[in-house]
Amino acid sequence: MFGQAKSQSFYDIQTIQTIELHFGQSNWDYMMDTAKAGSGSYIMADSININGTSMDSVGVRYKGNSSYSSNRIKNPIHIELDHFKEAHIYDGITDIKLNNGFKDPSLVRETVSYHIAGCYMAVPKANYARLYINGQFIGIYTNVESITKKFVNSRFGSNDNTFFKCNPVYSSMSKSNLAYLGPDSASYYNSYEMKSNSGWNDMVNLCSILNNNPNNINSILDIDRALWMLAFNNLLVNLDSYTGAISQNYYLYKADNNCFNSILWDLNESFGSFNNSGTGPPLNITQMQQLTPMLHLNNTERPLIQKLLNVPIYKKMYMAHFKTIYKEFFVNNQYLSLANSYQSIIDASVQADANKLYSYSDFINNISQTVSSGPMQIPGITLLMNGRKNYLSTQTDMQYSQPDITNITLSDTLPEMNDNIFVNATVQNGSYVLLGYRFNQQDRFTRIQMYDDGNHGDGAAADGIFGVQIQIGSPIVQYYIYAENANAGKFSPERAEYEYYTIFSSHGNIEAGQVVINELMAINTVTVSDPNNQFEDWIELYNNTNTYISLKGAYLSDSYTNPYKWLFPDNTFIEPYGYLLIWADNDTTQQGLHANFKLSGAGEQVILSYNSGYIIDDISFSEQISDISFGRYPNGTGSFTYLTPTPMALNQPMAIDEHQTNSIFSMYPLPAQSYVFISGSIPVSQIKIFDVNGRIIENHSFSGAFEIKLPTEHLLPGCYILMMNNTYPLKLIKL
């Protein structure tokens, strides 16, 4: 919403969000229970306040299966801000998922697990929120990003392809295990929930290829993402997942590269809180500690595991990923540091939570001790993982010596487009080496073999230096190296394919319209802070093309008389249809993109150009309004106008209902014809009228009346911004 502080992300783990719901009906809980028992429809809350931002008429419902109970005050909740009013959005978010800590006395299983998983694959963000309803503190919740079309668009660059939630219909005895159930898509309806407009044929095809033609599975499945997910599930004993009894709690999205991407979700029962692997009776703690990394290796009811891990190279890649997670978070007890840190953030809130599902002592103790809850035994996290580490250290697959990949070099560190270059690496204890590379963030990696034969730019034959030649087909090339021996494999970087190395190429001038000045803010007091928690001026660029664009050699300035003030670093690129934010704060000592000038709220220019005199884009702007941005609408192509601030996101016009009233001033009638009345809870001292191009066209001063009549008959039909007392905006529509 306009004019509200967003200095912290809604999912910043260090900040507990405050969410206040208000229902006009005192029996809201009964209404929610009734809706949950029926169609699961949303109940309208009269208003919501999120960290000081208020909206009216939002959708709320209880969610969950085993985590929900009609006898429980603290139930998991789904809030849909735009369910009744499409314009409602907070910090780019419309869906809020609040989880109540079911089967997790520690309240850190989700946040720690999502943090770990997020280092290796695309997963939801997670932190904590305090929920109040009608003024009553309901409790502290885990606040987990919803996996929606917004989510897949932000991770995979599209949102209109085949999209499935892989959870079977509750109590249907079905599994979301990707088994092939025949060509009739109806056979799959109980096992998967389609989130796209179509896609059942894609699901049938995926299951058919995985089970019946696994040699071609690479054509339809991103295998690397699947291997990361399977390694994570096994190592963290996350059995309420594909790996466990029900084979559930993941999503599949088919990206534009025609491959399905697996996405983890619902991690509250990781670290052994769910103890059924699907291979027999529930596991005790010792059995979970000694869960083999090769669980389901020969189980035809888990084809994603059985088919992939029986391919030797995929098994080695799986174990390489397994070892990376193990080394980075468990050998060094980093997982425990995270757990302790997150508990300290919410400690006071947990103590104040009268509706928590477990006692405060359970909250503290479950980090290390098993907590009993009826028939359930929820293992202490360190109790489980210390035993697991001891077990894994004795396993043959964990003891195999991995290759060592060092000294990765390029024959040309800044090649031109279409140049051929050699990529080299020194590999010890490795006999088979691959280079994975791609030209676009949304492309699949192409893997080609590297050689140590003296014929591939690799020096002398058999000297341990491997090489291969590639052609630079894009301004940016992303790559990694994989090596293996008879028993084990290893990636460099070790988090590949999620992380990778980059080759930057040099190329010619950016053509007009390819990169534009898209949005700017010259008076930023509360809208967004830079990484140093300072509210600075900012300029947003946007790439209108479907390829990476280099800003090497380009300058940014706020003066036509001195257009070459700040030179972009050579390795600055904008992703396809992506955004780039530059802080105009005259502080080039800070890390990131910080220009050596500031913007003037009184108005000036922004120029993007080369030192040849060629101007890529420029804009002159007049007096600006505090915490209102000035940018292109439609995004990337339109004329400049006042906007709801959206740094690094699609530009949004200010909605009529956002500014016809605010908490201080109100205005009527709207739309206006000859006049409007403006009244306030504080006296009116000044009104500035701006047109949609940001130009100030009138400036009125008043002696301090609480209500004034403002003539408007002389204004041309259209939209205007009234800035009250130089602080409070109102939006005026003139007929």
# chains A, B, ... in the order shown; residues from 1 in each chain; ligands from 1

call {"tool": "residues_around", "arguments": {"residues": "range 190-200 of chain A", "least_positions_apart": "4", "cutoff": "6 Å", "atoms": "only C-alpha atoms", "output": "PDB file with N, CA and C atoms, in the first residue's frame"}}
result
ATOM      1  N   THR A 162       1.884 -25.541 -16.868  1.00  0.00           N
ATOM      2  CA  THR A 162       1.343 -26.606 -16.030  1.00  0.00           C
ATOM      3  C   THR A 162       1.902 -26.502 -14.608  1.00  0.00           C
ATOM      4  N   PHE A 163       0.995 -26.594 -13.623  1.00  0.00           N
ATOM      5  CA  PHE A 163       1.345 -26.316 -12.229  1.00  0.00           C
ATOM      6  C   PHE A 163       0.509 -27.237 -11.348  1.00  0.00           C
ATOM      7  N   PHE A 164       1.168 -28.083 -10.540  1.00  0.00           N
ATOM      8  CA  PHE A 164       0.456 -29.039  -9.693  1.00  0.00           C
ATOM      9  C   PHE A 164       0.908 -28.936  -8.247  1.00  0.00           C
ATOM     10  N   LYS A 165      -0.052 -29.044  -7.357  1.00  0.00           N
ATOM     11  CA  LYS A 165       0.228 -29.292  -5.944  1.00  0.00           C
ATOM     12  C   LYS A 165       0.157 -30.802  -5.747  1.00  0.00           C
ATOM     13  N   CYS A 166       1.229 -31.382  -5.254  1.00  0.00           N
ATOM     14  CA  CYS A 166       1.316 -32.831  -5.154  1.00  0.00           C
ATOM     15  C   CYS A 166       0.980 -33.283  -3.744  1.00  0.00           C
ATOM     16  N   ASN A 167      -0.300 -33.255  -3.463  1.00  0.00           N
ATOM     17  CA  ASN A 167      -0.879 -33.763  -2.219  1.00  0.00           C
ATOM     18  C   ASN A 167      -2.119 -34.549  -2.577  1.00  0.00           C
ATOM     19  N   PRO A 168      -2.226 -35.780  -2.119  1.00  0.00           N
ATOM     20  CA  PRO A 168      -3.429 -36.559  -2.440  1.00  0.00           C
ATOM     21  C   PRO A 168      -4.646 -36.025  -1.696  1.00  0.00           C
ATOM     22  N   VAL A 169      -5.806 -36.349  -2.210  1.00  0.00           N
ATOM     23  CA  VAL A 169      -7.044 -36.012  -1.516  1.00  0.00           C
ATOM     24  C   VAL A 169      -7.006 -36.649  -0.139  1.00  0.00           C
ATOM     25  N   SER A 174      -4.640 -42.324  -1.573  1.00  0.00           N
ATOM     26  CA  SER A 174      -3.810 -42.120  -2.758  1.00  0.00           C
ATOM     27  C   SER A 174      -2.448 -41.589  -2.339  1.00  0.00           C
ATOM     28  N   LYS A 175      -1.501 -41.606  -3.269  1.00  0.00           N
ATOM     29  CA  LYS A 175      -0.170 -41.058  -3.067  1.00  0.00           C
ATOM     30  C   LYS A 175       0.192 -40.162  -4.249  1.00  0.00           C
ATOM     31  N   SER A 176       1.009 -39.158  -3.958  1.00  0.00           N
ATOM     32  CA  SER A 176       1.514 -38.292  -5.033  1.00  0.00           C
ATOM     33  C   SER A 176       2.921 -38.747  -5.395  1.00  0.00           C
ATOM     34  N   SER A 185      -6.346 -39.561 -17.586  1.00  0.00           N
ATOM     35  CA  SER A 185      -5.969 -38.549 -16.593  1.00  0.00           C
ATOM     36  C   SER A 185      -6.854 -38.613 -15.347  1.00  0.00           C
TER      37      SER A 185
END

call {"tool": "closest_atom_pairs", "arguments": {"of": "range 295-388 of chain A", "to": "range 66-88 of chain A", "cutoff": "8 Å", "atoms": "only C-alpha atoms", "output": "JSON lines"}}
result
{"residue": "A:Asn355", "atom": "CA", "partner": "A:Lys74", "partner_atom": "CA", "distance": 5.9}
{"residue": "A:Lys356", "atom": "CA", "partner": "A:Lys74", "partner_atom": "CA", "distance": 7.0}
{"residue": "A:Leu357", "atom": "CA", "partner": "A:Lys74", "partner_atom": "CA", "distance": 7.8}

call {"tool": "write_last_selection", "arguments": {"atoms": "C-alpha atoms", "output": "short mmCIF file (atom, residue, chain, number, x, y, z; two decimals), in the first residue's frame"}}
result
data_model
loop_
_atom_site.label_atom_id
_atom_site.label_comp_id
_atom_site.auth_asym_id
_atom_site.auth_seq_id
_atom_site.Cartn_x
_atom_site.Cartn_y
_atom_site.Cartn_z
CA ASN A 355 -2.93 -20.60 22.96
CA LYS A 356 0.32 -22.34 22.04
CA LEU A 357 0.00 -26.04 21.32
#

call {"tool": "select_by_dssp", "arguments": {"residues": "range 277-455 of chain A", "states": "alpha helix (DSSP H)", "output": "PyMOL selection string"}}
result
chain A and resi 285-289+303-309+312-325+334-352+360-365+381-392+396-399

call {"tool": "atom_distance", "arguments": {"atom1": "CA of Leu580 in chain A", "atom2": "CA of Ser146 in chain A"}}
result
24.9 Å

call {"tool": "closest_residue", "arguments": {"among": "A:Ala348, A:Met723, A:Ile472, A:Leu650", "to": "Thr413 in chain A", "atoms": "only C-alpha atoms"}}
result
A:Ile472

call {"tool": "residues_around", "arguments": {"residues": "range 450-452 of chain A", "least_positions_apart": "6", "cutoff": "12 Å", "atoms": "only C-alpha atoms", "output": "PDB file with N, CA and C atoms, in the first residue's frame"}}
result
ATOM      1  N   PHE A 422      38.164 -21.254 -24.129  1.00  0.00           N
ATOM      2  CA  PHE A 422      38.371 -22.509 -23.422  1.00  0.00           C
ATOM      3  C   PHE A 422      38.096 -22.307 -21.938  1.00  0.00           C
ATOM      4  N   VAL A 423      37.430 -23.298 -21.350  1.00  0.00           N
ATOM      5  CA  VAL A 423      37.240 -23.370 -19.903  1.00  0.00           C
ATOM      6  C   VAL A 423      38.104 -24.513 -19.396  1.00  0.00           C
ATOM      7  N   ASN A 424      38.943 -24.217 -18.393  1.00  0.00           N
ATOM      8  CA  ASN A 424      39.863 -25.225 -17.863  1.00  0.00           C
ATOM      9  C   ASN A 424      39.672 -25.386 -16.367  1.00  0.00           C
ATOM     10  N   ALA A 425      39.998 -26.559 -15.868  1.00  0.00           N
ATOM     11  CA  ALA A 425      39.964 -26.825 -14.429  1.00  0.00           C
ATOM     12  C   ALA A 425      40.956 -27.929 -14.099  1.00  0.00           C
ATOM     13  N   THR A 426      41.592 -27.799 -12.964  1.00  0.00           N
ATOM     14  CA  THR A 426      42.458 -28.862 -12.456  1.00  0.00           C
ATOM     15  C   THR A 426      41.606 -29.818 -11.625  1.00  0.00           C
ATOM     16  N   VAL A 427      41.643 -31.094 -11.979  1.00  0.00           N
ATOM     17  CA  VAL A 427      40.823 -32.103 -11.298  1.00  0.00           C
ATOM     18  C   VAL A 427      41.721 -33.238 -10.833  1.00  0.00           C
ATOM     19  N   GLN A 428      41.710 -33.478  -9.542  1.00  0.00           N
ATOM     20  CA  GLN A 428      42.420 -34.616  -8.968  1.00  0.00           C
ATOM     21  C   GLN A 428      41.403 -35.651  -8.501  1.00  0.00           C
ATOM     22  N   GLY A 430      39.626 -37.570 -10.235  1.00  0.00           N
ATOM     23  CA  GLY A 430      38.436 -37.583 -11.083  1.00  0.00           C
ATOM     24  C   GLY A 430      38.791 -38.019 -12.484  1.00  0.00           C
ATOM     25  N   SER A 431      38.002 -38.924 -13.044  1.00  0.00           N
ATOM     26  CA  SER A 431      38.284 -39.451 -14.382  1.00  0.00           C
ATOM     27  C   SER A 431      37.304 -38.960 -15.435  1.00  0.00           C
ATOM     28  N   TYR A 432      36.149 -38.470 -15.001  1.00  0.00           N
ATOM     29  CA  TYR A 432      35.114 -38.027 -15.945  1.00  0.00           C
ATOM     30  C   TYR A 432      34.656 -36.648 -15.489  1.00  0.00           C
ATOM     31  N   VAL A 433      34.770 -35.655 -16.382  1.00  0.00           N
ATOM     32  CA  VAL A 433      34.509 -34.267 -16.018  1.00  0.00           C
ATOM     33  C   VAL A 433      33.537 -33.658 -17.021  1.00  0.00           C
ATOM     34  N   LEU A 434      32.552 -32.922 -16.488  1.00  0.00           N
ATOM     35  CA  LEU A 434      31.554 -32.271 -17.325  1.00  0.00           C
ATOM     36  C   LEU A 434      31.543 -30.771 -17.060  1.00  0.00           C
ATOM     37  N   LEU A 435      31.276 -30.008 -18.103  1.00  0.00           N
ATOM     38  CA  LEU A 435      30.970 -28.584 -17.986  1.00  0.00           C
ATOM     39  C   LEU A 435      29.486 -28.419 -18.251  1.00  0.00           C
ATOM     40  N   GLY A 436      28.766 -27.814 -17.302  1.00  0.00           N
ATOM     41  CA  GLY A 436      27.372 -27.450 -17.519  1.00  0.00           C
ATOM     42  C   GLY A 436      27.294 -25.954 -17.778  1.00  0.00           C
ATOM     43  N   ASP A 458      43.824 -27.675 -22.894  1.00  0.00           N
ATOM     44  CA  ASP A 458      44.037 -28.174 -21.537  1.00  0.00           C
ATOM     45  C   ASP A 458      45.505 -28.409 -21.207  1.00  0.00           C
ATOM     46  N   GLY A 459      46.410 -27.886 -22.027  1.00  0.00           N
ATOM     47  CA  GLY A 459      47.826 -28.111 -21.777  1.00  0.00           C
ATOM     48  C   GLY A 459      48.242 -29.491 -22.239  1.00  0.00           C
ATOM     49  N   ALA A 460      49.161 -30.114 -21.508  1.00  0.00           N
ATOM     50  CA  ALA A 460      49.655 -31.434 -21.883  1.00  0.00           C
ATOM     51  C   ALA A 460      48.632 -32.505 -21.525  1.00  0.00           C
ATOM     52  N   ALA A 461      48.669 -33.578 -22.259  1.00  0.00           N
ATOM     53  CA  ALA A 461      47.772 -34.697 -21.977  1.00  0.00           C
ATOM     54  C   ALA A 461      48.113 -35.312 -20.622  1.00  0.00           C
ATOM     55  N   ALA A 462      47.071 -35.734 -19.910  1.00  0.00           N
ATOM     56  CA  ALA A 462      47.207 -36.452 -18.637  1.00  0.00           C
ATOM     57  C   ALA A 462      47.945 -35.645 -17.568  1.00  0.00           C
ATOM     58  N   ASP A 463      47.794 -34.308 -17.622  1.00  0.00           N
ATOM     59  CA  ASP A 463      48.437 -33.477 -16.591  1.00  0.00           C
ATOM     60  C   ASP A 463      47.466 -33.043 -15.499  1.00  0.00           C
ATOM     61  N   GLY A 464      46.246 -33.585 -15.512  1.00  0.00           N
ATOM     62  CA  GLY A 464      45.254 -33.247 -14.502  1.00  0.00           C
ATOM     63  C   GLY A 464      44.484 -31.978 -14.793  1.00  0.00           C
ATOM     64  N   ILE A 465      44.777 -31.342 -15.927  1.00  0.00           N
ATOM     65  CA  ILE A 465      44.033 -30.145 -16.330  1.00  0.00           C
ATOM     66  C   ILE A 465      43.065 -30.541 -17.435  1.00  0.00           C
ATOM     67  N   PHE A 466      41.777 -30.311 -17.192  1.00  0.00           N
ATOM     68  CA  PHE A 466      40.738 -30.649 -18.161  1.00  0.00           C
ATOM     69  C   PHE A 466      40.258 -29.371 -18.847  1.00  0.00           C
ATOM     70  N   GLY A 467      39.868 -29.491 -20.117  1.00  0.00           N
ATOM     71  CA  GLY A 467      39.416 -28.317 -20.854  1.00  0.00           C
ATOM     72  C   GLY A 467      38.348 -28.644 -21.865  1.00  0.00           C
ATOM     73  N   VAL A 468      37.648 -27.609 -22.282  1.00  0.00           N
ATOM     74  CA  VAL A 468      36.654 -27.728 -23.348  1.00  0.00           C
ATOM     75  C   VAL A 468      36.405 -26.338 -23.907  1.00  0.00           C
ATOM     76  N   GLN A 469      36.029 -26.273 -25.165  1.00  0.00           N
ATOM     77  CA  GLN A 469      35.767 -24.993 -25.821  1.00  0.00           C
ATOM     78  C   GLN A 469      34.272 -24.770 -25.967  1.00  0.00           C
ATOM     79  N   ILE A 470      33.831 -23.544 -25.680  1.00  0.00           N
ATOM     80  CA  ILE A 470      32.436 -23.163 -25.905  1.00  0.00           C
ATOM     81  C   ILE A 470      32.403 -21.829 -26.645  1.00  0.00           C
ATOM     82  N   TYR A 480      29.056 -24.389 -14.471  1.00  0.00           N
ATOM     83  CA  TYR A 480      29.622 -25.112 -13.338  1.00  0.00           C
ATOM     84  C   TYR A 480      30.395 -26.297 -13.879  1.00  0.00           C
ATOM     85  N   ILE A 481      31.135 -26.954 -13.012  1.00  0.00           N
ATOM     86  CA  ILE A 481      31.907 -28.136 -13.395  1.00  0.00           C
ATOM     87  C   ILE A 481      31.539 -29.285 -12.460  1.00  0.00           C
ATOM     88  N   TYR A 482      31.381 -30.446 -13.043  1.00  0.00           N
ATOM     89  CA  TYR A 482      31.101 -31.668 -12.270  1.00  0.00           C
ATOM     90  C   TYR A 482      32.166 -32.699 -12.628  1.00  0.00           C
ATOM     91  N   ALA A 483      32.708 -33.363 -11.607  1.00  0.00           N
ATOM     92  CA  ALA A 483      33.701 -34.413 -11.832  1.00  0.00           C
ATOM     93  C   ALA A 483      33.333 -35.626 -10.992  1.00  0.00           C
ATOM     94  N   GLU A 484      33.698 -36.811 -11.494  1.00  0.00           N
ATOM     95  CA  GLU A 484      33.435 -38.030 -10.743  1.00  0.00           C
ATOM     96  C   GLU A 484      34.526 -39.054 -10.989  1.00  0.00           C
TER      97      GLU A 484
END

call {"tool": "select_by_dssp", "arguments": {"residues": "range 62-198 of chain A", "states": "strand (DSSP E)", "output": "PyMOL selection string"}}
result
chain A and resi 62+77-80+95-99+126-133+136-145+163-166+193-194

call {"tool": "closest_residue", "arguments": {"among": "A:Ser359, A:Ser674, A:Ser505, A:Asn233", "to": "Phe274 in chain A", "atoms": "only C-alpha atoms"}}
result
A:Asn233

call {"tool": "atom_distance", "arguments": {"atom1": "CA of Ser171 in chain A", "atom2": "CA of Tyr188 in chain A"}}
result
15.1 Å

call {"tool": "residues_around", "arguments": {"residues": "Met417 in chain A", "least_positions_apart": "4", "cutoff": "12 Å", "atoms": "only C-alpha atoms", "output": "list in words"}}
result
Asp412, Ile421, Phe439, Ile470, Gln471, Ile472, Gly473, Ser474, Pro475, Ile476, Val477, Ile503, Phe504, Ser505, Ser506, His507, Gly508, Ile549 and Ser550 of chain A

call {"tool": "write_last_selection", "arguments": {"atoms": "C-alpha atoms", "output": "PDB file, in the first residue's frame"}}
result
ATOM      1  CA  ASP A 412      39.546 -14.946 -22.139  1.00  0.00           C
ATOM      2  CA  ILE A 421      36.910 -19.632 -25.406  1.00  0.00           C
ATOM      3  CA  PHE A 439      22.958 -18.568 -21.769  1.00  0.00           C
ATOM      4  CA  ILE A 470      32.436 -23.163 -25.905  1.00  0.00           C
ATOM      5  CA  GLN A 471      31.082 -20.302 -27.991  1.00  0.00           C
ATOM      6  CA  ILE A 472      29.823 -17.230 -26.158  1.00  0.00           C
ATOM      7  CA  GLY A 473      26.208 -17.099 -27.271  1.00  0.00           C
ATOM      8  CA  SER A 474      24.897 -14.480 -24.840  1.00  0.00           C
ATOM      9  CA  PRO A 475      26.082 -11.411 -22.908  1.00  0.00           C
ATOM     10  CA  ILE A 476      26.235 -13.707 -19.905  1.00  0.00           C
ATOM     11  CA  VAL A 477      27.123 -17.390 -19.593  1.00  0.00           C
ATOM     12  CA  ILE A 503      31.255 -15.391 -17.768  1.00  0.00           C
ATOM     13  CA  PHE A 504      30.566 -11.788 -18.766  1.00  0.00           C
ATOM     14  CA  SER A 505      30.945 -10.807 -22.390  1.00  0.00           C
ATOM     15  CA  SER A 506      31.550  -7.401 -23.908  1.00  0.00           C
ATOM     16  CA  HIS A 507      29.160  -6.164 -26.585  1.00  0.00           C
ATOM     17  CA  GLY A 508      27.931  -3.041 -28.332  1.00  0.00           C
ATOM     18  CA  ILE A 549      22.034  -6.870 -21.219  1.00  0.00           C
ATOM     19  CA  SER A 550      25.402  -5.577 -20.085  1.00  0.00           C
TER      20      SER A 550
END

call {"tool": "residues_around", "arguments": {"residues": "range 149-161 of chain A", "least_positions_apart": "4", "cutoff": "9 Å", "atoms": "only C-alpha atoms", "output": "tab-separated table (two decimals) with C-alpha atoms, in the first residue's frame"}}
result
chain	number	residue	atom	x	y	z
A	93	ILE	CA	2.13	-10.15	-1.45
A	122	ALA	CA	13.82	-22.57	-4.95
A	123	VAL	CA	11.68	-22.74	-1.80
A	124	PRO	CA	9.31	-20.43	0.09
A	145	GLU	CA	5.46	-17.68	1.64
A	195	LYS	CA	-3.25	-25.22	-10.08
A	196	SER	CA	-3.11	-24.23	-13.75
A	197	ASN	CA	-5.89	-24.04	-16.31
A	198	SER	CA	-4.76	-27.24	-17.96
A	199	GLY	CA	-2.01	-29.82	-17.64
A	253	TYR	CA	5.83	-26.43	-12.11
A	254	LYS	CA	6.65	-26.84	-15.78
A	255	ALA	CA	8.84	-23.91	-16.78
A	256	ASP	CA	9.20	-22.44	-20.25
A	261	ASN	CA	10.62	-28.24	-11.34
A	441	GLN	CA	18.58	-17.89	-16.36
A	442	GLN	CA	15.50	-19.84	-17.44
A	577	TYR	CA	12.65	-8.63	-18.30

call {"tool": "residues_around", "arguments": {"residues": "Tyr242 in chain A", "least_positions_apart": "5", "cutoff": "12 Å", "atoms": "only C-alpha atoms", "output": "ChimeraX atom specification"}}
result
/A:166-168,175-179,226-227,229-234,237,247-252,262-267,276-278,295-296,301-305
